[in-house]
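Right, one structure below, let's go through it.
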There are 4 protein chains.
Amino acid sequence: MSGFFGSISKESCVLDVFYGTDYHSHLGTRRAGLAFFSPEKGFQRSIHSLEDGYFRNKFETNLTEFSGNLGIGVISDTEAQPILVTSHMGRFAVASVSKIVNITELEERCLKQRRTFSELSHGTINPTELIAMLVAEGDDFVSGIENVYSLVKGSCSILILTEDSIIAARDKLGRTPVVLGKKEGACAATFETCAFPNLNFEIEKYLGPGEIVRLTAEGFQQLRQANKQMQICAFLWVYFGYPPSFYEGVNVDECRYRCGAALARRDSVEADFVAGIPDSGVGHAMGYSSERSIPLKRPYAKYTPTWPRSFMPQIQTTRDLVAKMKLIPNESIIKDKRGIFLDDSIVRGTQLKDNVRDLHEAGIREVHMRIACPPLSFPCEFLNFSRSRSNLDLATHTAVKEIEGKEEFDIREYADTNNGKHQLMVEQIRKRLDFTTLMYQKIEDLVQAIGLPKEKLCTHCWDGSSYF
Amino acid sequence: MSGFFGSISKESCVLDVFYGTDYHSHLGTRRAGLAFFSPEKGFQRSIHSLEDGYFRNKFETNLTEFSGNLGIGVISDTEAQPILVTSHMGRFAVASVSKIVNITELEERCLKQRRTFSELSHGTINPTELIAMLVAEGDDFVSGIENVYSLVKGSCSILILTEDSIIAARDKLGRTPVVLGKKEGACAATFETCAFPNLNFEIEKYLGPGEIVRLTAEGFQQLRQANKQMQICAFLWVYFGYPPSFYEGVNVDECRYRCGAALARRDSVEADFVAGIPDSGVGHAMGYSSERSIPLKRPYAKYTPTWPRSFMPQIQTTRDLVAKMKLIPNESIIKDKRGIFLDDSIVRGTQLKDNVRDLHEAGIREVHMRIACPPLSFPCEFLNFSRSRSNLDLATHTAVKEIEGKEEFDIREYADTNNGKHQLMVEQIRKRLDFTTLMYQKIEDLVQAIGLPKEKLCTHCWDGSSYF
Amino acid sequence: MSGFFGSISKESCVLDVFYGTDYHSHLGTRRAGLAFFSPEKGFQRSIHSLEDGYFRNKFETNLTEFSGNLGIGVISDTEAQPILVTSHMGRFAVASVSKIVNITELEERCLKQRRTFSELSHGTINPTELIAMLVAEGDDFVSGIENVYSLVKGSCSILILTEDSIIAARDKLGRTPVVLGKKEGACAATFETCAFPNLNFEIEKYLGPGEIVRLTAEGFQQLRQANKQMQICAFLWVYFGYPPSFYEGVNVDECRYRCGAALARRDSVEADFVAGIPDSGVGHAMGYSSERSIPLKRPYAKYTPTWPRSFMPQIQTTRDLVAKMKLIPNESIIKDKRGIFLDDSIVRGTQLKDNVRDLHEAGIREVHMRIACPPLSFPCEFLNFSRSRSNLDLATHTAVKEIEGKEEFDIREYADTNNGKHQLMVEQIRKRLDFTTLMYQKIEDLVQAIGLPKEKLCTHCWDGSSYF
Amino acid sequence: MSGFFGSISKESCVLDVFYGTDYHSHLGTRRAGLAFFSPEKGFQRSIHSLEDGYFRNKFETNLTEFSGNLGIGVISDTEAQPILVTSHMGRFAVASVSKIVNITELEERCLKQRRTFSELSHGTINPTELIAMLVAEGDDFVSGIENVYSLVKGSCSILILTEDSIIAARDKLGRTPVVLGKKEGACAATFETCAFPNLNFEIEKYLGPGEIVRLTAEGFQQLRQANKQMQICAFLWVYFGYPPSFYEGVNVDECRYRCGAALARRDSVEADFVAGIPDSGVGHAMGYSSERSIPLKRPYAKYTPTWPRSFMPQIQTTRDLVAKMKLIPNESIIKDKRGIFLDDSIVRGTQLKDNVRDLHEAGIREVHMRIACPPLSFPCEFLNFSRSRSNLDLATHTAVKEIEGKEEFDIREYADTNNGKHQLMVEQIRKRLDFTTLMYQKIEDLVQAIGLPKEKLCTHCWDGSSYF
């Protein structure tokens with residue numbers, strides 16, 4: 001996942017774009033970038049790696065150099081952004097939240113025209129540079145973005161910074177959100193609405209799928225109407241989103257509270273306390289604890305003063321060390337107790353397994369694991385969803401392989417909760433991860449907790465139901 | 001406050017001391033230092049400022065240079081440490097958690113002897129260098145430390161790194177803790193026991209007041225017996241300590257849970273949710289919510305990915321900005337609701353006032369503030385307790401000034417809960433900070449939540465009862 | 001000016017390319033870059049600013065990350081380089097020493113094709129990216145480079161790094177040099193041959209104008225024959241080149257010695273010592289001193305330990321400070337003495353004027369200035385010759401303006417040594433810069449000192465004789 | 001060696017002290033420090049390592065933080081300086097150019113008094129901290145400095161920064177220089193007078209041996225008269241000093257010119273050119289070339305743009321690499337030619353041997369080496385003279401060992417030019433270093449070139465004649 005923020009104002013927008021982008025830091029761990037335009041300095045751009053530092057530390061030194069009333073910023077889990085290009089429509093900067101499944105095919109299309117790519121991202125072309133080139137093929141920005149919509153398979157939301165405005169375009173199926181905000185003398189476009197309150201923006205409009213708007217300091221102007229179909233990622237509420245954010249008008253933390261409560265209503269296990277696996281399980285745990293009136297406790301304290309990042313590094317060994325060091329078990333709460341633990345999901349389960357082992361070492365009596373969504377069975381083809389690279393290491397697939405004793409099988413049978421094989425798989429996961437009991441959310445409860453019609457949501461990772 | 005950690009092992013202690021010290025990062029924001037000894041490299045020391053970065057970032061680059069089986073580290077809210085000196089007892093490094101009230105008098109004593117101080121700390125001599133000089137006046141380390149005990153007015157716990165052992169000495173009145181840990185082939189001494197579990201140390205012994213021990217990789221040896229009298233700071237449980245830590249065998253987070261529950265038992269206000277002011281109010285809120293079965297919610301989300309530090313910078317303007325930006329209000333939870341808010345204490349109240357204003361802006365209906373300790377009435381003279389520099393800006397003194405209309409008054413009358421003036425002061429604070437209702441913890445409830453005899457605790461900031 | 005170096009070897013070429021590029025540091029003060037290819041890591045590129053540090057300091061940290069048997073490096077006085085592109089001919093990196101006079105026209109040509117530029121250089125497109133795009137328009141590298149030759153007005157020498165070879169192409173008129181070197185198991189291409197001896201390369205071949213070769217570890221293969229016409233910059237010998245370098249087989253330092261000797265043979269002024277204006281006047285002064293048997297002295301010492309760079313910063317105020325601080329006058333040599341001073345050329349003369357003022361302050365009796373080339377009268381349109389931005393500030397034009405009392409005049413009259421106006425101009429310069437006497441080199445003496453036929457040399461800045 | 005600079009002014013002295021100290025960069029490669037005092041900020045001090053950067057780069061970032069009308073700076077080849085101490089005479093900063101031969105004895109004296117050292121320098125106590133402690137033992141600064149004079153065996157010149165003045169004290173035997181300068185509204189004290197001209201200071205007074213003065217913005221006041229005896233290091237003129245500097249009124253570069261001329265007068269070898277081994281041999285070569293009318297050439301060019309430092313790193317492998325890379329041979333000058341090479345001295349001879357090997361590789365016919373001083377036979381016990389660590393690796397001792405075939409011998413016999421063994425030793429050195437001919441300066445010629453009475457000069461390294 002990645003996230004972006006842009007703002008245009010009657011005064012300097014530099015601090016708003018700096019803090020607004022910073023509030024997307026939970027969405028990416030690789031690269032971040034800012035671009036501004038001012039008549040005096042022209043386009044100014046800076047990109048830093050986030051692999052050895054935080055957004056704010058990295059960009060604080062650039063702050064005094066930037067000037068401008070309009071600018072965009074991006075936290076990227078993959079390529080360097082924003083891309084700054086000179087084109088027949090003038091100079092512009094582009095940031096995107098995208099996954100281009102057919103990138104090789106689109107690269108070859110450009111090379112045949114004897115065009116060159118100037119950016120590299122981990123050994124391949126830079127997807128956002130490709131998007132910028134496809135935009136520049138149009139007569140104007142709208143036809144250029146529609147060129148992107150028609151050519152790119154996957155997902156793609158875009159912010160474009162020109163010399164006098166910001167153009168915001170949401171993915172044609174609305175897989176990722178773009179929300180507009182307004183305050184006196186300024187407009188903004190954001191992925192996460194949690195960027196708004198402290199910058200004094202009010203939510204003005206949730207862009208629809210495929211909708212394109214042009215922002216100026218005075219307001220915004222629709223350049224293209226929204227499409228009917230929508231496939232917004234349901235995992236945004238379960239895991240990705242920051243608790244105070246809203247997508248389609250639905251608050252993340254309240255949704256998690258309802259997820260936890262829904263699990264609780266179907267549960268009757270006895271326990272001494274309820275706890276969330278930090279951080280993403282905490283919201284779910286609050287709903288569960290309240291629904292069943294079992295005290296909420298903190299068997300783990302997260303050492304936030306210096307282990308702040310909620311996302312994990314991609315290298316397994318560092319990941320393990322960070323996982324171990326940042327959570328401190330509290331024996332006083334754990335020893336000889338029965339605990340109900342809420343977590344958002346199980347991907348591979350390796351980290352959860354380590355957590356449970358630590359709990360046992362600290363003397364816990366029973367570990368009842370409750371997961372806020374159904375089993376993850378189908379890898380995501382639509383977003384840069386870093387938690388499930390392939391189906392090979394999903395806990396569900398590992399379990400089915402163990403049950404069937406072979407590499408080839410039909411995961412659809414096991415994903416179907418009405419099929420008896422489903423419960424077999426859950427039991428296999430429980431045993432492997434060493435829980436006393438394990439319960440997953442039902443998909444209908446999850447959809448109800450979100451509160452949107454199921455056909456508007458992408459629930460592909462649980463039921464394989466989505467489309468390009 | 002400051003905090004320290006030391007370890008001696010049969011193998012390299014570098015990573016243990018690095019992580020063990022890092023787990024004290026919540027105790028100081030100014031300087032941090034590490035010192036190691038190895039026969040090959042001798043004493044190695046590194047000190048960094050924490051004012052523009054975190055302990056781990058700052059020291060990671062030094063890690064590969066350090067070697068040694070014994071070392072100490074310190075997070076300091078004031079001076080640069082550890083101090084490394086060459087003396088008639090050989091070379092040694094010193095770290096301290098101390099406040100030397102009579103430092104000017106002790107400085108003059110040394111200058112009269114035509115001795116020199118080589119370190120400076122914010123324009124005055126470095127307190128830990130003074131401690132090192134006083135230690136070196138002794139015939140040996142024990143008589144040197146007793147020299148410190150007899151000369152220093154305030155508080156002083158000490159770790160000394162020699163070429164073959166670590167000497168740990170707790171303040172003569174035990175105002176700050178020193179706890180020993182043990183694992184196969186290694187011993188450790190720490191301020192915060194939350195440093196132990198992830199490094200696989202088990203708590204072995206809580207040092208008594210004035211107790212001195214010598215640690216080797218095999219174990220420890222008592223060099224001086226504990227004193228009878230104790231005045232351990234009660235605020236350690238209320239605010240300073242990290243939740244999984246233990247002092248005198250009493251766990252911090254459980255104590256906070258009991259504080260919240262105690263408040264709840266005396267309360268009957270109606271509300272839609274309970275919430276803790278992040279981070280230190282959260283533990284208290286969990287106990288309150290559970291006791292009264294009112295749902296725990298997160299009206300604020302703390303943006304931990306890049307605003308990790310729980311302590312505040314000392315400069316008011318930055319402090320205000322950080323306070324504003326790191327907490328994101330969630331309108332979905334706040335709007336038109338009645339909330340009960342738990343916080344550990346009220347110092348000046350400025351930050352709390354801002355929080356409440358933000359809640360009102362987000363549409364809250366009622367704000368019921370519950371404070372986990374009694375009103376802070378007497379400034380701390382015993383520790384570097386950064387939260388109350390002087391009585392001038394304490395919320396209690398501001399309130400009494402407003403009531404009496406003059407600068408001079410007897411705070412003891414208002415601190416006494418049996419005196420009618422106490423309730424007048426509380427009401428004045430409530431009005432100034434714009435709460436719907438305000439309730440403080442009773443001191444007997446707080447003492448009971450901690451569970452130690454009152455005479456063993458320093459409760460000076462609430463009742464002015466302690467002594468040098 | 002800029003300079004580049006590339007090498008391909010049977011072993012790692014990283015250190016050779018690092019040091020080889022470093023030896024071009026006198027040619028540029030803005031940006032430097034290195035690019036390598038290895039099968040394991042693919043293309044690796046790093047670019048740093050040189051405005052706040054030296055090449056070696058900046059790139060030393062990257063050294064361990066680079067790997068490869070082939071690579072190129074560039075010191076650039078203008079844009080960021082090398083450019084790395086993905087094209088229909090595969091991925092390749094490009095470095096250039098170029099000046100594209102018609103860049104705006106070529107930019108518009110590309111934009112009309114709806115192509116985009118991804119790089120920016122000081123607010124305009126990056127010339128080397130443009131070159132890369134023009135190369136990629138060809139069917140192969142040779143036709144692509146010929147496309148550059150035919151479209152670019154100005155000058156352009158090129159190094160291209162592919163996955164298996166380096167392609168070196170010299171400017172079509174040979175304005176800047178490209179020289180091939182060879183050692184056991186490796187080939188190299190360089191601008192400055194002073195990069196060769198310490199890396200154990202022997203000069204193998206001076207590329208002719210427009211010649212293109214392909215280098216492998218075994219040797220090189222001619223891809224395109226040299227053109228007949230040549231216009232190599234004569235200033236390379238007078239000022240730009242490093243003393244041990246050779247162009248067209250003619251050594252720089254020996255040429256300067258001959259320049260000084262030629263001046264001496266036409267001179268009879270009496271003096272106590274001869275001195276070169278550091279650094280570029282020193283070689284000339286040695287030839288002069290020897291020819292006339294007047295002792296060579298150092299009235300100025302350059303403070304090289306920390307003022308190492310011979311080139312000047314572009315900002316006038318810093319330029320003045322550096323000029324003042326890096327040269328230390330030696331009163332012992334200067335006071336009451338008559339000195340003959342050699343300098344390579346006079347551009348604006350501001351720095352020389354300051355030098356002379358300092359000499360007078362130190363008590364010199366006479367200052368006889370001898371310039372190793374004729375008066376600079378025509379600004380360079382062919383190279384990024386940073387010493388004469390425009391004719392507006394040339395000492396010659398300033399002098400003529402003073403003589404004629406108007407802005408418009410025909411500089412050709414004054415540039416012609418046979419025209420009486422020439423001597424008037426020289427006298428005006430002498431007076432303005434406060435020399436006792438002033439003598440310039442005659443162009444025939446300079447051409448003879450170089451030793452190439454005049455029609456092979458670009459002497460445009462002296463006689464306005466060159467062409468595109 | 002080390003060097004220092006201090007200034008006190010009616011206005012800010014920060015830039016003067018910054019540049020004045022920078023002009024001592026050739027004297028040390030380890031540490032540098034600056035200290036200032038202003039009433040608002042008190043004492044401000046900053047120390048940086050020079051092992052990975054230059055003085056100016058390292059301290060530029062500190063410049064804006066410093067303020068004050070008085071300050072001192074030091075370039076140190078050994079310990080961190082200046083030392084800032086708090087004492088019964090108030091707070092003061094100390095910088096020294098010193099070698100304390102009896103440091104262990106003085107350390108023990110302090111430890112017995114149960115005093116502590118807070119600074120460490122490469123595993124031992126910091127010599128300048130010891131000096132500060134000895135100064136503070138006095139009743140006032142003069143008696144304190146006399147305490148240093150009487151206790152320290154070796155050499156010691158001192159700058160002390162107090163809150164209102166600078167105290168400058170030259171070594172009791174004047175082994176190292178201290179020179180006072182004056183300009184309108186400011187006074188300065190320096191080691192190298194080459195720091196003066198560009199800061200507009202005029203030389204006011206050469207301090208005598210043991211002389212102590214107090215500097216204010218108005219002028220200076222003598223606190224202690226000079227001693228009669230003097231032993232100033234003759235090597236200052238031969239090698240250490242920067243060419244434009246003066247000691248005892250004698251200019252360095254002119255002295256070197258006379259050294260070269262003196263060698264020439266005793267020489268008759270035929271050659272094609274004369275050259276100095278860069279940088280320190282160049283001044284000598286100019287005198288030689290002029291005396292014999294043999295052209296001065298540059299067979300080596302030093303690549304100053306990025307290899308600026310004239311001193312060598314202490315690690316042999318890096319030293320070798322730097323030596324190789326920074327000098328570029330010019331085949332055009334070397335090939336088939338006979339050269340006379342001047343160098344200041346031969347220490348071990350390793351570097352010279354490499355140079356000569358490179359000359360042979362470049363095809364030289366004859367190498368005639370001329371050394372500007374007699375053979376170095378006795379290691380320096382009086383200064384931190386980094387070029388001769390011990391007699392073990394001196395070229396003279398190596399040669400005698402080879403001649404005698406044993407480790408024990410009387411070097412005095414070989415150092416005596418009247419003894420036939422002397423010429424045997426020189427011939428042995430010549431053969432080992434592969435010179436065609438080798439000639440050393442005679443000591444009487446050297447003394448005459450300097451121009452002071454021999455008894456005022458320390459010529460110990462050549463004749464073993466000095467004393468403590």
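Letters A, B, ... go to the chains of the structure tokens in the order shown; residues in each chain start at 1; ligands are counted from 1 in the same order.
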
Practice task
Identify every residue of chain B that has at least one atom within 8 Å of any atom of chain A, counting only C-alpha atoms, and report the result as an MDAnalysis selection string.
Solution key: chainID B and resid 22:23 25:26 54:56 194 197:198 243:245 251 253:254 286:287 290 293:298 300:301 303:310 324:325 328:333

Keeping C-alpha atoms, export the residues of the selection given above as a compact mmCIF listing (two decimals), in the first residue's frame.
```txt
# COMPACT_ATOMS: atom_id res chain seq x y z
CA ASP B 22 17.00 1.79 25.03
CA TYR B 23 14.16 0.53 27.24
CA SER B 25 14.13 6.04 26.62
CA HIS B 26 10.81 7.18 28.12
CA TYR B 54 16.13 8.46 19.24
CA PHE B 55 18.53 6.39 21.25
CA ARG B 56 18.56 3.50 18.83
CA CYS B 194 10.67 -3.80 31.64
CA PRO B 197 11.98 -9.98 29.78
CA ASN B 198 13.12 -9.53 26.18
CA PRO B 243 3.55 -0.43 32.29
CA PRO B 244 5.29 -3.84 32.46
CA SER B 245 7.83 -2.67 35.08
CA ASN B 251 3.59 -3.94 38.79
CA ASP B 253 0.11 -1.40 34.85
CA GLU B 254 -1.82 -3.39 37.47
CA MET B 286 -8.98 0.32 31.54
CA GLY B 287 -9.52 -0.21 35.25
CA SER B 290 -14.12 -2.44 33.54
CA SER B 293 -18.90 -1.54 32.55
CA ILE B 294 -18.85 1.55 30.39
CA PRO B 295 -17.26 0.91 26.96
CA LEU B 296 -13.63 1.96 26.52
CA LYS B 297 -13.15 3.97 23.31
CA ARG B 298 -10.41 5.92 21.52
CA TYR B 300 -8.02 10.28 20.11
CA ALA B 301 -5.65 8.14 18.09
CA TYR B 303 -0.07 8.93 15.48
CA THR B 304 2.71 6.60 16.63
CA PRO B 305 4.33 5.88 13.24
CA THR B 306 6.20 9.18 13.37
CA TRP B 307 5.26 10.84 16.67
CA PRO B 308 6.56 8.10 18.89
CA ARG B 309 7.96 9.81 21.91
CA SER B 310 5.73 9.96 24.93
CA LYS B 324 -1.49 19.07 18.67
CA MET B 325 -0.15 16.97 15.82
CA ILE B 328 -5.82 12.82 16.02
CA PRO B 329 -9.42 13.32 17.18
CA ASN B 330 -12.02 10.83 15.92
CA GLU B 331 -15.24 12.73 15.38
CA SER B 332 -17.15 9.51 14.98
CA ILE B 333 -16.56 8.67 18.63
```

Exercise for the section: Might you pull out every residue within 8 Å of Tyr239 in chain B, with only C-alpha atoms counted and same-chain residues fewer than 4 positions away left off, and present them as an MDAnalysis selection string? Expected result: chainID B and resid 235 280 344:345

Can you spit out the residues from that selection as an mmCIF file, in the first residue's frame, using N, CA, C and O atoms?
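And here is the file that came out, out-v9.cif:
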```cif
data_model
loop_
_atom_site.group_PDB
_atom_site.id
_atom_site.type_symbol
_atom_site.label_atom_id
_atom_site.label_comp_id
_atom_site.auth_asym_id
_atom_site.auth_seq_id
_atom_site.Cartn_x
_atom_site.Cartn_y
_atom_site.Cartn_z
ATOM 1 N N PHE B 235 5.102 8.494 42.343
ATOM 2 C CA PHE B 235 4.779 8.883 40.982
ATOM 3 C C PHE B 235 5.314 7.911 39.938
ATOM 4 O O PHE B 235 4.876 7.908 38.795
ATOM 5 N N SER B 280 -0.358 7.930 29.135
ATOM 6 C CA SER B 280 -0.299 7.516 30.541
ATOM 7 C C SER B 280 -1.665 7.352 31.186
ATOM 8 O O SER B 280 -1.785 6.733 32.232
ATOM 9 N N ASP B 344 -3.268 10.710 34.266
ATOM 10 C CA ASP B 344 -2.473 10.378 35.459
ATOM 11 C C ASP B 344 -2.444 11.515 36.456
ATOM 12 O O ASP B 344 -2.536 11.288 37.658
ATOM 13 N N SER B 345 -2.312 12.754 35.968
ATOM 14 C CA SER B 345 -2.171 13.884 36.876
ATOM 15 C C SER B 345 -2.407 15.166 36.102
ATOM 16 O O SER B 345 -2.496 15.151 34.875
#
```

Give me, as a Markdown table, each residue of range 48-102 of chain C that comes within 9 Å of range 162-167 of chain C, together with its shortest interatomic pair and the distance in Å at one decimal, counting only C-alpha atoms, with rows ordered by chain and rising residue number.
```
| residue | atom | partner | partner_atom | distance |
| --- | --- | --- | --- | --- |
| C:Leu70 | CA | C:Ser165 | CA | 7.2 |
| C:Gly71 | CA | C:Ile166 | CA | 7.8 |
| C:Ile72 | CA | C:Ile166 | CA | 8.2 |
| C:Gly90 | CA | C:Thr162 | CA | 8.0 |
| C:Arg91 | CA | C:Thr162 | CA | 6.8 |
| C:Phe92 | CA | C:Thr162 | CA | 4.7 |
| C:Ala93 | CA | C:Thr162 | CA | 6.7 |
```

Based on the selection just made, write C-alpha atoms of those residues as a PDB file, in the first residue's frame.
```
ATOM      1  CA  LEU C  70      32.390  -2.175 -16.289  1.00  0.00           C
ATOM      2  CA  GLY C  71      31.403   1.301 -15.297  1.00  0.00           C
ATOM      3  CA  ILE C  72      31.549   4.993 -16.120  1.00  0.00           C
ATOM      4  CA  GLY C  90      18.056  -2.407 -23.574  1.00  0.00           C
ATOM      5  CA  ARG C  91      19.036  -0.505 -20.468  1.00  0.00           C
ATOM      6  CA  PHE C  92      22.074   1.821 -20.687  1.00  0.00           C
ATOM      7  CA  ALA C  93      23.771   4.691 -18.840  1.00  0.00           C
TER       8      ALA C  93
END
```

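Residues within 8 Å of Arg256 in chain B, counting only C-alpha atoms and excluding same-chain residues fewer than 6 positions away, are Trp237, Val238, Gly283, His284, Gly287, Ala372 and Ala449 of chain B.
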
Exercise for the section: For CA of Leu424 in chain A and CA of Gly349 in chain A, determine how far apart the two atoms are, in Å to one decimal place. Expected result: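 Separating CA of Leu424 in chain A from CA of Gly349 in chain A is a distance of 17.0 Å.
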
Exercise for the section: Name the residues in contact with Ile100 in chain C at a cut-off of 8 Å, using only C-alpha atoms, excluding same-chain residues fewer than 5 positions from it; report them as a PyMOL selection string. Expected result: chain C and resi 127+152-156

Go ahead and save the residues from that selection, with all heavy atoms, as a PDB file, in the first residue's frame.
```pdb
ATOM      1  N   PRO C 127      20.329  18.041 -20.227  1.00  0.00           N
ATOM      2  CA  PRO C 127      20.900  17.822 -21.559  1.00  0.00           C
ATOM      3  C   PRO C 127      21.292  16.364 -21.806  1.00  0.00           C
ATOM      4  O   PRO C 127      21.090  15.841 -22.907  1.00  0.00           O
ATOM      5  CB  PRO C 127      22.130  18.725 -21.570  1.00  0.00           C
ATOM      6  CG  PRO C 127      21.854  19.785 -20.555  1.00  0.00           C
ATOM      7  CD  PRO C 127      21.020  19.125 -19.500  1.00  0.00           C
ATOM      8  N   VAL C 152      22.543  17.961 -32.703  1.00  0.00           N
ATOM      9  CA  VAL C 152      23.056  18.853 -31.664  1.00  0.00           C
ATOM     10  C   VAL C 152      24.004  19.902 -32.241  1.00  0.00           C
ATOM     11  O   VAL C 152      24.959  19.581 -32.931  1.00  0.00           O
ATOM     12  CB  VAL C 152      23.781  18.049 -30.562  1.00  0.00           C
ATOM     13  CG1 VAL C 152      24.606  18.977 -29.667  1.00  0.00           C
ATOM     14  CG2 VAL C 152      22.775  17.268 -29.735  1.00  0.00           C
ATOM     15  N   LYS C 153      23.715  21.162 -31.936  1.00  0.00           N
ATOM     16  CA  LYS C 153      24.574  22.280 -32.320  1.00  0.00           C
ATOM     17  C   LYS C 153      25.365  22.656 -31.072  1.00  0.00           C
ATOM     18  O   LYS C 153      24.753  22.938 -30.028  1.00  0.00           O
ATOM     19  CB  LYS C 153      23.664  23.440 -32.744  1.00  0.00           C
ATOM     20  CG  LYS C 153      24.216  24.351 -33.802  1.00  0.00           C
ATOM     21  CD  LYS C 153      23.142  25.321 -34.285  1.00  0.00           C
ATOM     22  CE  LYS C 153      23.702  26.738 -34.230  1.00  0.00           C
ATOM     23  NZ  LYS C 153      22.694  27.739 -34.595  1.00  0.00           N
ATOM     24  N   GLY C 154      26.700  22.642 -31.138  1.00  0.00           N
ATOM     25  CA  GLY C 154      27.500  22.933 -29.946  1.00  0.00           C
ATOM     26  C   GLY C 154      28.633  21.930 -29.877  1.00  0.00           C
ATOM     27  O   GLY C 154      29.460  21.870 -30.790  1.00  0.00           O
ATOM     28  N   SER C 155      28.665  21.111 -28.839  1.00  0.00           N
ATOM     29  CA  SER C 155      29.652  20.032 -28.799  1.00  0.00           C
ATOM     30  C   SER C 155      29.135  18.902 -27.946  1.00  0.00           C
ATOM     31  O   SER C 155      28.302  19.107 -27.066  1.00  0.00           O
ATOM     32  CB  SER C 155      30.994  20.529 -28.249  1.00  0.00           C
ATOM     33  OG  SER C 155      30.857  20.850 -26.891  1.00  0.00           O
ATOM     34  N   CYS C 156      29.616  17.698 -28.197  1.00  0.00           N
ATOM     35  CA  CYS C 156      29.100  16.555 -27.464  1.00  0.00           C
ATOM     36  C   CYS C 156      29.991  15.331 -27.606  1.00  0.00           C
ATOM     37  O   CYS C 156      30.028  14.708 -28.668  1.00  0.00           O
ATOM     38  CB  CYS C 156      27.684  16.228 -27.949  1.00  0.00           C
ATOM     39  SG  CYS C 156      26.943  14.896 -27.026  1.00  0.00           S
TER      40      CYS C 156
END
```

Practice task
Can you pull out every residue within 7 Å of Phe191 in chain C, counting only C-alpha atoms, but drop anything in the same chain fewer than 4 positions away, and send it as a count of residues only?
Solution key: 6

Practice task
as a PyMOL selection string, please: all residues of range 84-329 of chain C that backbone DSSP puts in strand (DSSP E or B).
Solution key: chain C and resi 84-87+90-100+117+120-121+124-125+154-161+166-169+179-183+186-190+202-206+212-215+220-224+232-233+246-247+250-251+273-276+296+300-302+327-329

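Shell of Glu211 in chain A at 9 Å, with only C-alpha atoms counted and residues fewer than 6 places along the chain excluded, is Ala168, Ala169, Arg170, Asp171, Lys172, Gly174, Gln222, Leu223, Arg224, Gln225, Ala226 and Asn227 of chain A.
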
Handout entry: DSSP helix (DSSP H, G or I) residues within range 338-459 of chain D, as JSON, numbers by chain
Key = {"D": [350, 351, 352, 353, 354, 355, 356, 357, 358, 359, 360, 361, 391, 392, 393, 395, 396, 397, 398, 399, 400, 401, 402, 403, 404, 411, 412, 413, 414, 415, 420, 421, 422, 423, 424, 425, 426, 427, 428, 429, 430, 431, 432, 433, 443, 444, 445, 446, 447, 448, 449, 450, 454, 455, 456]}

Practice task
May I have the residues within 9 Å of His360 in chain A as JSON, numbers by chain, using only C-alpha atoms and disregarding those fewer than 5 positions away in the same chain?
Solution key: {"A": [334, 335, 355, 365, 366, 367]}

Problem - Residue nearest Pro375 in chain A - candidates A:Gly405, A:Gly451, A:Gly464, A:Pro209, atoms counted: only C-alpha atoms - result: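 For Pro375 in chain A, the nearest of the candidates is A:Gly464.
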